[in-house]
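> PDB, C-alpha atoms, pLDDT in the B column, file final.pdb:
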MODEL        1
ATOM      1  CA  MET A 355      90.147 -49.798  42.222  1.00 97.00           C
ATOM      2  CA  LYS A 356      88.806 -53.116  40.964  1.00 98.00           C
ATOM      3  CA  VAL A 357      86.150 -53.452  38.246  1.00 98.00           C
ATOM      4  CA  SER A 358      83.643 -54.605  40.887  1.00 98.00           C
ATOM      5  CA  GLU A 359      84.305 -51.425  42.903  1.00 98.00           C
ATOM      6  CA  LEU A 360      83.854 -49.308  39.781  1.00 98.00           C
ATOM      7  CA  ALA A 361      80.527 -51.037  39.134  1.00 98.00           C
ATOM      8  CA  ALA A 362      79.324 -50.075  42.632  1.00 98.00           C
ATOM      9  CA  LEU A 363      80.593 -46.501  42.184  1.00 98.00           C
ATOM     10  CA  ILE A 364      78.606 -45.869  38.990  1.00 98.00           C
ATOM     11  CA  ASP A 365      75.535 -48.030  39.812  1.00 98.00           C
ATOM     12  CA  ALA A 366      76.517 -50.378  36.994  1.00 98.00           C
ATOM     13  CA  ARG A 367      75.839 -54.042  36.403  1.00 98.00           C
ATOM     14  CA  SER A 368      77.925 -56.509  34.448  1.00 98.00           C
ATOM     15  CA  LEU A 369      76.572 -57.828  31.142  1.00 98.00           C
ATOM     16  CA  THR A 370      79.280 -60.486  30.964  1.00 98.00           C
ATOM     17  CA  GLU A 371      78.221 -63.239  33.310  1.00 96.00           C
ATOM     18  CA  GLY A 372      81.101 -65.308  34.626  1.00 97.00           C
ATOM     19  CA  VAL A 373      83.827 -62.812  33.682  1.00 98.00           C
ATOM     20  CA  SER A 374      85.994 -61.796  36.631  1.00 97.00           C
ATOM     21  CA  GLU A 375      85.508 -58.301  38.060  1.00 98.00           C
ATOM     22  CA  ASP A 376      88.812 -58.459  39.953  1.00 97.00           C
ATOM     23  CA  ARG A 377      90.882 -56.660  37.340  1.00 97.00           C
ATOM     24  CA  GLU A 378      92.568 -53.510  38.609  1.00 98.00           C
ATOM     25  CA  ILE A 379      91.632 -50.250  36.895  1.00 98.00           C
ATOM     26  CA  LEU A 380      94.756 -48.202  36.209  1.00 97.00           C
ATOM     27  CA  CYS A 381      93.241 -45.369  34.172  1.00 98.00           C
ATOM     28  CA  GLY A 382      90.068 -44.130  32.497  1.00 98.00           C
ATOM     29  CA  TYR A 383      89.097 -43.001  29.008  1.00 98.00           C
ATOM     30  CA  VAL A 384      86.040 -41.927  27.052  1.00 98.00           C
ATOM     31  CA  CYS A 385      85.900 -42.026  23.254  1.00 96.00           C
ATOM     32  CA  ASP A 386      83.683 -43.474  20.511  1.00 95.00           C
ATOM     33  CA  LEU A 387      86.145 -43.322  17.642  1.00 92.00           C
ATOM     34  CA  LEU A 388      87.721 -46.780  17.602  1.00 91.00           C
ATOM     35  CA  SER A 389      90.725 -45.704  15.539  1.00 85.00           C
ATOM     36  CA  TRP A 390      91.449 -43.089  18.167  1.00 89.00           C
ATOM     37  CA  VAL A 391      91.068 -45.588  20.989  1.00 93.00           C
ATOM     38  CA  MET A 392      93.484 -47.974  19.259  1.00 89.00           C
ATOM     39  CA  ALA A 393      96.081 -45.225  19.258  1.00 87.00           C
ATOM     40  CA  HIS A 394      95.517 -44.143  22.855  1.00 90.00           C
ATOM     41  CA  GLY A 395      94.183 -47.213  24.671  1.00 91.00           C
ATOM     42  CA  GLU A 396      96.220 -48.489  27.594  1.00 92.00           C
ATOM     43  CA  GLU A 397      96.479 -51.569  29.725  1.00 92.00           C
ATOM     44  CA  GLY A 398      94.114 -51.551  32.694  1.00 96.00           C
ATOM     45  CA  MET A 399      91.897 -48.870  31.174  1.00 98.00           C
ATOM     46  CA  ALA A 400      88.201 -48.436  31.975  1.00 98.00           C
ATOM     47  CA  TRP A 401      86.866 -47.380  28.567  1.00 98.00           C
ATOM     48  CA  VAL A 402      83.529 -45.558  28.374  1.00 98.00           C
ATOM     49  CA  THR A 403      81.853 -45.757  24.958  1.00 98.00           C
ATOM     50  CA  VAL A 404      78.431 -45.802  23.304  1.00 97.00           C
ATOM     51  CA  GLN A 405      79.725 -48.071  20.522  1.00 96.00           C
ATOM     52  CA  THR A 406      78.352 -51.594  20.917  1.00 96.00           C
ATOM     53  CA  HIS A 407      79.569 -53.611  17.931  1.00 95.00           C
ATOM     54  CA  LEU A 408      81.992 -56.566  17.861  1.00 93.00           C
ATOM     55  CA  ASN A 409      85.085 -54.485  17.180  1.00 94.00           C
ATOM     56  CA  VAL A 410      84.754 -52.775  20.575  1.00 96.00           C
ATOM     57  CA  ILE A 411      85.610 -56.066  22.263  1.00 96.00           C
ATOM     58  CA  ALA A 412      88.562 -56.697  19.932  1.00 94.00           C
ATOM     59  CA  VAL A 413      90.004 -53.249  20.661  1.00 94.00           C
ATOM     60  CA  ALA A 414      89.551 -53.597  24.429  1.00 96.00           C
ATOM     61  CA  ALA A 415      91.028 -57.097  24.535  1.00 93.00           C
ATOM     62  CA  LEU A 416      94.002 -56.342  22.286  1.00 91.00           C
ATOM     63  CA  ALA A 417      94.895 -53.276  24.358  1.00 91.00           C
ATOM     64  CA  GLU A 418      94.461 -55.361  27.551  1.00 91.00           C
ATOM     65  CA  MET A 419      91.947 -52.963  29.052  1.00 96.00           C
ATOM     66  CA  ALA A 420      90.283 -53.639  32.409  1.00 98.00           C
ATOM     67  CA  CYS A 421      86.685 -53.205  31.218  1.00 98.00           C
ATOM     68  CA  VAL A 422      84.274 -51.550  28.810  1.00 98.00           C
ATOM     69  CA  VAL A 423      81.642 -49.243  30.306  1.00 98.00           C
ATOM     70  CA  LEU A 424      78.400 -48.454  28.457  1.00 98.00           C
ATOM     71  CA  PRO A 425      76.647 -45.283  29.682  1.00 98.00           C
ATOM     72  CA  GLU A 426      72.938 -44.365  29.835  1.00 98.00           C
ATOM     73  CA  GLY A 427      71.694 -47.936  30.173  1.00 98.00           C
ATOM     74  CA  ILE A 428      72.999 -49.037  26.784  1.00 98.00           C
ATOM     75  CA  THR A 429      73.408 -52.779  26.258  1.00 98.00           C
ATOM     76  CA  MET A 430      75.085 -55.007  23.675  1.00 97.00           C
ATOM     77  CA  GLU A 431      73.750 -57.715  21.376  1.00 97.00           C
ATOM     78  CA  GLN A 432      74.262 -61.238  22.706  1.00 97.00           C
ATOM     79  CA  ASP A 433      76.795 -62.187  19.991  1.00 96.00           C
ATOM     80  CA  VAL A 434      78.967 -59.244  21.085  1.00 96.00           C
ATOM     81  CA  LEU A 435      78.650 -60.253  24.748  1.00 98.00           C
ATOM     82  CA  ASP A 436      79.539 -63.850  23.840  1.00 97.00           C
ATOM     83  CA  LYS A 437      82.731 -62.534  22.258  1.00 95.00           C
ATOM     84  CA  ALA A 438      83.435 -60.435  25.378  1.00 97.00           C
ATOM     85  CA  ILE A 439      82.974 -63.492  27.597  1.00 98.00           C
ATOM     86  CA  ALA A 440      85.280 -65.550  25.341  1.00 95.00           C
ATOM     87  CA  GLU A 441      87.906 -62.788  25.614  1.00 94.00           C
ATOM     88  CA  GLU A 442      87.281 -62.456  29.382  1.00 96.00           C
ATOM     89  CA  MET A 443      86.514 -58.765  28.907  1.00 98.00           C
ATOM     90  CA  CYS A 444      84.062 -57.372  31.450  1.00 98.00           C
ATOM     91  CA  VAL A 445      81.321 -55.121  30.021  1.00 98.00           C
ATOM     92  CA  LEU A 446      79.423 -52.887  32.455  1.00 98.00           C
ATOM     93  CA  THR A 447      76.277 -50.888  31.797  1.00 98.00           C
ATOM     94  CA  SER A 448      75.479 -47.836  33.905  1.00 98.00           C
ATOM     95  CA  PRO A 449      72.398 -45.587  33.949  1.00 98.00           C
ATOM     96  CA  LEU A 450      74.680 -42.538  34.270  1.00 98.00           C
ATOM     97  CA  THR A 451      75.929 -40.416  31.380  1.00 98.00           C
ATOM     98  CA  ALA A 452      79.513 -40.768  30.138  1.00 98.00           C
ATOM     99  CA  TYR A 453      80.207 -37.361  31.681  1.00 98.00           C
ATOM    100  CA  GLU A 454      79.043 -38.426  35.115  1.00 98.00           C
ATOM    101  CA  ILE A 455      80.821 -41.793  34.953  1.00 98.00           C
ATOM    102  CA  CYS A 456      84.116 -40.075  34.163  1.00 98.00           C
ATOM    103  CA  GLY A 457      83.467 -37.460  36.844  1.00 98.00           C
ATOM    104  CA  ARG A 458      83.049 -40.129  39.506  1.00 98.00           C
ATOM    105  CA  LEU A 459      86.149 -41.988  38.306  1.00 98.00           C
ATOM    106  CA  ALA A 460      88.224 -38.828  38.387  1.00 97.00           C
ATOM    107  CA  ALA A 461      86.923 -37.923  41.854  1.00 98.00           C
ATOM    108  CA  GLN A 462      88.199 -41.295  43.063  1.00 97.00           C
ATOM    109  CA  GLY A 463      91.667 -40.457  41.749  1.00 97.00           C
ATOM    110  CA  ILE A 464      91.658 -42.663  38.640  1.00 97.00           C
ATOM    111  CA  PRO A 465      94.121 -40.946  36.250  1.00 97.00           C
ATOM    112  CA  ALA A 466      93.967 -40.456  32.477  1.00 95.00           C
ATOM    113  CA  HIS A 467      97.085 -42.595  32.007  1.00 92.00           C
ATOM    114  CA  GLY A 468      98.191 -45.723  33.830  1.00 87.00           C
TER     115      GLY A 468
ATOM    116  CA  MET B1159     117.904 -65.533  10.822  1.00 74.00           C
ATOM    117  CA  GLU B1160     116.395 -68.856  11.871  1.00 91.00           C
ATOM    118  CA  GLU B1161     112.637 -68.930  11.449  1.00 94.00           C
ATOM    119  CA  LEU B1162     110.809 -70.491  14.404  1.00 93.00           C
ATOM    120  CA  PHE B1163     107.234 -70.150  13.291  1.00 93.00           C
ATOM    121  CA  ARG B1164     105.133 -68.784  10.443  1.00 97.00           C
ATOM    122  CA  ILE B1165     101.401 -68.479   9.924  1.00 97.00           C
ATOM    123  CA  SER B1166      99.272 -66.637   7.360  1.00 98.00           C
ATOM    124  CA  TYR B1167      95.719 -65.346   7.692  1.00 98.00           C
ATOM    125  CA  PRO B1168      93.568 -64.413   4.701  1.00 98.00           C
ATOM    126  CA  VAL B1169      91.656 -61.176   5.334  1.00 97.00           C
ATOM    127  CA  ALA B1170      88.521 -60.426   3.297  1.00 97.00           C
ATOM    128  CA  ALA B1171      87.564 -56.940   2.143  1.00 96.00           C
ATOM    129  CA  ALA B1172      84.683 -55.269   4.044  1.00 95.00           C
ATOM    130  CA  ASP B1173      84.241 -58.210   6.457  1.00 95.00           C
ATOM    131  CA  TYR B1174      83.767 -56.195   9.640  1.00 92.00           C
ATOM    132  CA  THR B1175      82.350 -59.066  11.676  1.00 89.00           C
ATOM    133  CA  SER B1176      85.542 -61.112  11.303  1.00 90.00           C
ATOM    134  CA  ALA B1177      87.869 -58.145  11.748  1.00 91.00           C
ATOM    135  CA  GLY B1178      90.191 -58.772  14.662  1.00 91.00           C
ATOM    136  CA  LYS B1179      90.234 -62.558  14.386  1.00 93.00           C
ATOM    137  CA  ALA B1180      93.741 -62.691  12.909  1.00 96.00           C
ATOM    138  CA  SER B1181      95.099 -60.185  15.447  1.00 95.00           C
ATOM    139  CA  THR B1182      93.530 -62.069  18.344  1.00 93.00           C
ATOM    140  CA  ASP B1183      95.089 -65.327  17.149  1.00 95.00           C
ATOM    141  CA  ILE B1184      98.477 -63.656  16.592  1.00 97.00           C
ATOM    142  CA  LYS B1185      98.404 -62.330  20.151  1.00 94.00           C
ATOM    143  CA  ARG B1186      97.415 -65.728  21.545  1.00 93.00           C
ATOM    144  CA  ARG B1187     100.207 -67.532  19.668  1.00 95.00           C
ATOM    145  CA  LEU B1188     102.868 -65.041  20.701  1.00 96.00           C
ATOM    146  CA  LYS B1189     101.709 -65.346  24.291  1.00 93.00           C
ATOM    147  CA  GLN B1190     102.133 -69.123  24.026  1.00 93.00           C
ATOM    148  CA  LEU B1191     105.673 -68.516  22.792  1.00 93.00           C
ATOM    149  CA  GLY B1192     106.410 -66.526  25.935  1.00 93.00           C
ATOM    150  CA  VAL B1193     106.073 -63.001  24.517  1.00 95.00           C
ATOM    151  CA  SER B1194     104.518 -60.645  27.062  1.00 89.00           C
ATOM    152  CA  GLY B1195     104.185 -57.113  28.360  1.00 87.00           C
ATOM    153  CA  ASP B1196     104.789 -54.039  26.249  1.00 90.00           C
ATOM    154  CA  VAL B1197     105.970 -55.839  23.117  1.00 95.00           C
ATOM    155  CA  LEU B1198     102.959 -58.174  23.071  1.00 94.00           C
ATOM    156  CA  ARG B1199     100.643 -55.184  23.383  1.00 91.00           C
ATOM    157  CA  ARG B1200     102.440 -53.300  20.601  1.00 94.00           C
ATOM    158  CA  VAL B1201     102.239 -56.292  18.228  1.00 96.00           C
ATOM    159  CA  ALA B1202      98.544 -56.723  19.093  1.00 94.00           C
ATOM    160  CA  VAL B1203      97.701 -53.068  18.408  1.00 93.00           C
ATOM    161  CA  ALA B1204      99.723 -52.916  15.179  1.00 96.00           C
ATOM    162  CA  SER B1205      98.345 -56.212  13.877  1.00 97.00           C
ATOM    163  CA  TYR B1206      94.776 -55.084  14.562  1.00 95.00           C
ATOM    164  CA  GLU B1207      95.387 -51.777  12.780  1.00 95.00           C
ATOM    165  CA  VAL B1208      96.846 -53.496   9.743  1.00 97.00           C
ATOM    166  CA  GLU B1209      94.086 -56.129   9.720  1.00 97.00           C
ATOM    167  CA  LEU B1210      91.469 -53.361   9.871  1.00 96.00           C
ATOM    168  CA  ASN B1211      93.209 -51.548   7.040  1.00 96.00           C
ATOM    169  CA  LEU B1212      92.879 -54.683   4.907  1.00 97.00           C
ATOM    170  CA  VAL B1213      89.157 -54.878   5.747  1.00 97.00           C
ATOM    171  CA  ILE B1214      88.459 -51.166   5.200  1.00 96.00           C
ATOM    172  CA  HIS B1215      90.703 -50.278   2.283  1.00 96.00           C
ATOM    173  CA  SER B1216      91.903 -53.328   0.365  1.00 97.00           C
ATOM    174  CA  LEU B1217      90.322 -55.675  -2.134  1.00 97.00           C
ATOM    175  CA  GLY B1218      91.473 -58.505   0.127  1.00 97.00           C
ATOM    176  CA  GLY B1219      94.847 -59.619   1.328  1.00 98.00           C
ATOM    177  CA  GLU B1220      96.890 -61.699   3.683  1.00 98.00           C
ATOM    178  CA  LEU B1221      98.511 -61.076   7.035  1.00 98.00           C
ATOM    179  CA  THR B1222     101.587 -63.168   7.849  1.00 98.00           C
ATOM    180  CA  LEU B1223     103.315 -63.546  11.200  1.00 98.00           C
ATOM    181  CA  THR B1224     106.863 -64.865  11.247  1.00 98.00           C
ATOM    182  CA  VAL B1225     108.624 -65.445  14.543  1.00 97.00           C
ATOM    183  CA  PHE B1226     112.417 -65.464  14.842  1.00 96.00           C
ATOM    184  CA  PRO B1227     114.395 -66.113  18.041  1.00 94.00           C
ATOM    185  CA  ASP B1228     114.745 -62.390  18.744  1.00 95.00           C
ATOM    186  CA  ALA B1229     112.004 -60.760  16.662  1.00 97.00           C
ATOM    187  CA  ALA B1230     108.477 -61.040  15.312  1.00 98.00           C
ATOM    188  CA  GLN B1231     107.636 -59.851  11.821  1.00 98.00           C
ATOM    189  CA  LEU B1232     104.207 -58.915  10.485  1.00 98.00           C
ATOM    190  CA  VAL B1233     103.687 -58.617   6.737  1.00 98.00           C
ATOM    191  CA  SER B1234     100.420 -57.408   5.231  1.00 98.00           C
ATOM    192  CA  ALA B1235     100.118 -57.890   1.485  1.00 98.00           C
ATOM    193  CA  ASP B1236      96.982 -57.037  -0.467  1.00 98.00           C
ATOM    194  CA  VAL B1237      95.835 -57.303  -4.053  1.00 97.00           C
ATOM    195  CA  GLY B1238      94.928 -53.669  -4.467  1.00 92.00           C
ATOM    196  CA  PRO B1239      93.801 -51.033  -5.103  1.00 96.00           C
ATOM    197  CA  GLY B1240      97.072 -49.434  -3.959  1.00 96.00           C
ATOM    198  CA  ILE B1241      97.550 -46.086  -2.202  1.00 96.00           C
ATOM    199  CA  PRO B1242      97.720 -43.122  -4.598  1.00 93.00           C
ATOM    200  CA  ASP B1243      99.510 -40.778  -2.169  1.00 94.00           C
ATOM    201  CA  LEU B1244     101.608 -42.550   0.457  1.00 94.00           C
ATOM    202  CA  GLU B1245     102.824 -39.356   2.057  1.00 95.00           C
ATOM    203  CA  MET B1246      99.247 -38.197   2.719  1.00 95.00           C
ATOM    204  CA  ALA B1247      98.227 -41.684   3.927  1.00 95.00           C
ATOM    205  CA  MET B1248     100.972 -41.615   6.562  1.00 95.00           C
ATOM    206  CA  ARG B1249      99.665 -38.305   7.952  1.00 95.00           C
ATOM    207  CA  GLU B1250      97.705 -38.496  11.196  1.00 93.00           C
ATOM    208  CA  GLY B1251      94.091 -37.467  10.618  1.00 92.00           C
ATOM    209  CA  TYR B1252      94.040 -38.188   6.875  1.00 94.00           C
ATOM    210  CA  SER B1253      91.621 -40.952   5.910  1.00 94.00           C
ATOM    211  CA  THR B1254      89.852 -42.233   2.812  1.00 94.00           C
ATOM    212  CA  ALA B1255      87.602 -44.630   4.771  1.00 94.00           C
ATOM    213  CA  ASN B1256      84.028 -44.964   3.503  1.00 94.00           C
ATOM    214  CA  ASP B1257      80.802 -44.235   5.403  1.00 94.00           C
ATOM    215  CA  GLU B1258      80.389 -47.841   6.574  1.00 93.00           C
ATOM    216  CA  ALA B1259      83.819 -47.824   8.228  1.00 94.00           C
ATOM    217  CA  ARG B1260      83.197 -44.388   9.735  1.00 93.00           C
ATOM    218  CA  SER B1261      79.816 -45.445  11.145  1.00 91.00           C
ATOM    219  CA  LEU B1262      81.632 -48.132  13.157  1.00 91.00           C
ATOM    220  CA  GLY B1263      84.073 -45.585  14.549  1.00 91.00           C
ATOM    221  CA  PHE B1264      86.958 -46.184  12.159  1.00 93.00           C
ATOM    222  CA  GLY B1265      88.492 -43.812   9.664  1.00 90.00           C
ATOM    223  CA  ALA B1266      90.122 -41.344  12.038  1.00 89.00           C
ATOM    224  CA  GLY B1267      93.289 -41.484   9.969  1.00 92.00           C
ATOM    225  CA  MET B1268      95.294 -43.007  12.803  1.00 91.00           C
ATOM    226  CA  GLY B1269      96.007 -46.488  11.422  1.00 93.00           C
ATOM    227  CA  LEU B1270      99.284 -46.162   9.556  1.00 95.00           C
ATOM    228  CA  PRO B1271     100.854 -43.656  11.999  1.00 94.00           C
ATOM    229  CA  ASN B1272      99.812 -45.917  14.884  1.00 94.00           C
ATOM    230  CA  MET B1273     101.454 -48.954  13.227  1.00 96.00           C
ATOM    231  CA  LYS B1274     104.649 -46.985  12.706  1.00 97.00           C
ATOM    232  CA  ARG B1275     104.616 -45.829  16.330  1.00 95.00           C
ATOM    233  CA  ASN B1276     104.161 -49.337  17.710  1.00 95.00           C
ATOM    234  CA  ALA B1277     106.621 -51.220  15.472  1.00 98.00           C
ATOM    235  CA  ASP B1278     110.388 -51.117  15.937  1.00 98.00           C
ATOM    236  CA  GLU B1279     110.797 -51.089  12.156  1.00 98.00           C
ATOM    237  CA  PHE B1280     108.102 -50.126   9.653  1.00 98.00           C
ATOM    238  CA  SER B1281     108.085 -50.036   5.870  1.00 98.00           C
ATOM    239  CA  ILE B1282     105.359 -49.614   3.288  1.00 98.00           C
ATOM    240  CA  THR B1283     105.342 -49.940  -0.474  1.00 97.00           C
ATOM    241  CA  SER B1284     102.334 -49.398  -2.661  1.00 97.00           C
ATOM    242  CA  GLU B1285     101.586 -49.365  -6.344  1.00 96.00           C
ATOM    243  CA  LYS B1286      98.271 -48.140  -7.689  1.00 93.00           C
ATOM    244  CA  GLY B1287      96.390 -50.962  -9.377  1.00 92.00           C
ATOM    245  CA  VAL B1288      98.764 -53.590  -7.946  1.00 95.00           C
ATOM    246  CA  GLY B1289      98.637 -53.487  -4.146  1.00 97.00           C
ATOM    247  CA  THR B1290     100.223 -52.477  -0.875  1.00 98.00           C
ATOM    248  CA  THR B1291     102.745 -54.300   1.292  1.00 98.00           C
ATOM    249  CA  ILE B1292     103.440 -53.298   4.878  1.00 98.00           C
ATOM    250  CA  THR B1293     106.276 -54.887   6.837  1.00 98.00           C
ATOM    251  CA  MET B1294     106.704 -54.425  10.571  1.00 98.00           C
ATOM    252  CA  LEU B1295     109.380 -55.800  12.846  1.00 98.00           C
ATOM    253  CA  PHE B1296     109.166 -56.082  16.624  1.00 98.00           C
ATOM    254  CA  ARG B1297     112.266 -56.890  18.655  1.00 97.00           C
ATOM    255  CA  LEU B1298     111.504 -59.458  21.333  1.00 95.00           C
ATOM    256  CA  GLN B1299     114.596 -58.878  23.483  1.00 78.00           C
TER     257      GLN B1299
ENDMDL
END
How would this structure read if it were set down as structure tokens?


Amino acid sequence: MKVSELAALIDARSLTEGVSEDREILCGYVCDLLSWVMAHGEEGMAWVTVQTHLNVIAVAALAEMACVVLPEGITMEQDVLDKAIAEEMCVLTSPLTAYEICGRLAAQGIPAHG
Amino acid sequence: MEELFRISYPVAAADYTSAGKASTDIKRRLKQLGVSGDVLRRVAVASYEVELNLVIHSLGGELTLTVFPDAAQLVSADVGPGIPDLEMAMREGYSTANDEARSLGFGAGMGLPNMKRNADEFSITSEKGVGTTITMLFRLQ
């Protein structure tokens, strides 16, 4: 599943204009503790989090994740989005809860590990 | 061993907005040198963890990347305060991070164990009142 297909699946829109949505999603994850995500993040991951500060982008980019997904209509400050665009990291925002986003991903066969 | 490349990054205490800059640059430079895949990811994760540790716990320090033909070395050296109990600090889940760090989602007590897990060789020395030095080696071949 590509990031663009995930966006359609969870009624999400991209906050990172110009960043490719062609990356393949290999696995999914939900966690708001960045230290924990650093230890368990994987390449190609779709990471659902309510954290919106700059370090989220650094963690996602360093772990080579596919995208960051913000639930419940949350958005990010422009300086954080600018960093995401510079790192070519797609950030999606969805009106659904983290629970429902993960449920839809799992139903489509996206595993916990890539 | 012949040294191909060396670069140092100063890391300021409690500067959360700049945290990750050194790690991002380290990853970019290694990529330019042809490092890729699993090893690049492991260096990136470990360098971010150690950079964050400097921001959260130290009074300031320096992160140095040295590249050899078959290995990359990361050395983090700070000017204090030093770790009182190294054995506890290496335990997963143990953290002395302050409220500011925790409010950003850090301080889960995963940093040092995660560095050790990602590096091929890991060593740490610390003296209270003097500082902490962490050395990590990553084999490139």

> Return as a PyMOL selection string the residues belonging to chain B that are within 8 Å of chain A, counting all atoms listed in the file.

chain B and resi 1174-1175+1177-1178+1181-1182+1185+1199+1202-1203+1206-1207+1262-1269+1272

> In file coordinates, which residues lie within 10 Å of (80.7, -66.6, 32.9) using all atoms listed in the file, given as a PyMOL selection string?

chain A and resi 369-374+436+439-440+442+444

> From the set B:Leu1223, B:Ile1165, B:Ile1282, B:Ala1180, which residue has the shortest atom-to-atom contact distance to Ile1241 in chain B, counting all atoms listed in the file?

B:Ile1282

> Which residue gives the smallest distance to Leu380 in chain A among A:Val434, A:Leu450, A:Ala460, A:Val445, with only C-alpha atoms counted?

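Smallest distance to Leu380 in chain A is found for A:Ala460.
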
> Between CA of Arg1297 in chain B and CA of Met419 in chain A, what is the distance, to one decimal in Å?

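A separation of 23.2 Å between them.
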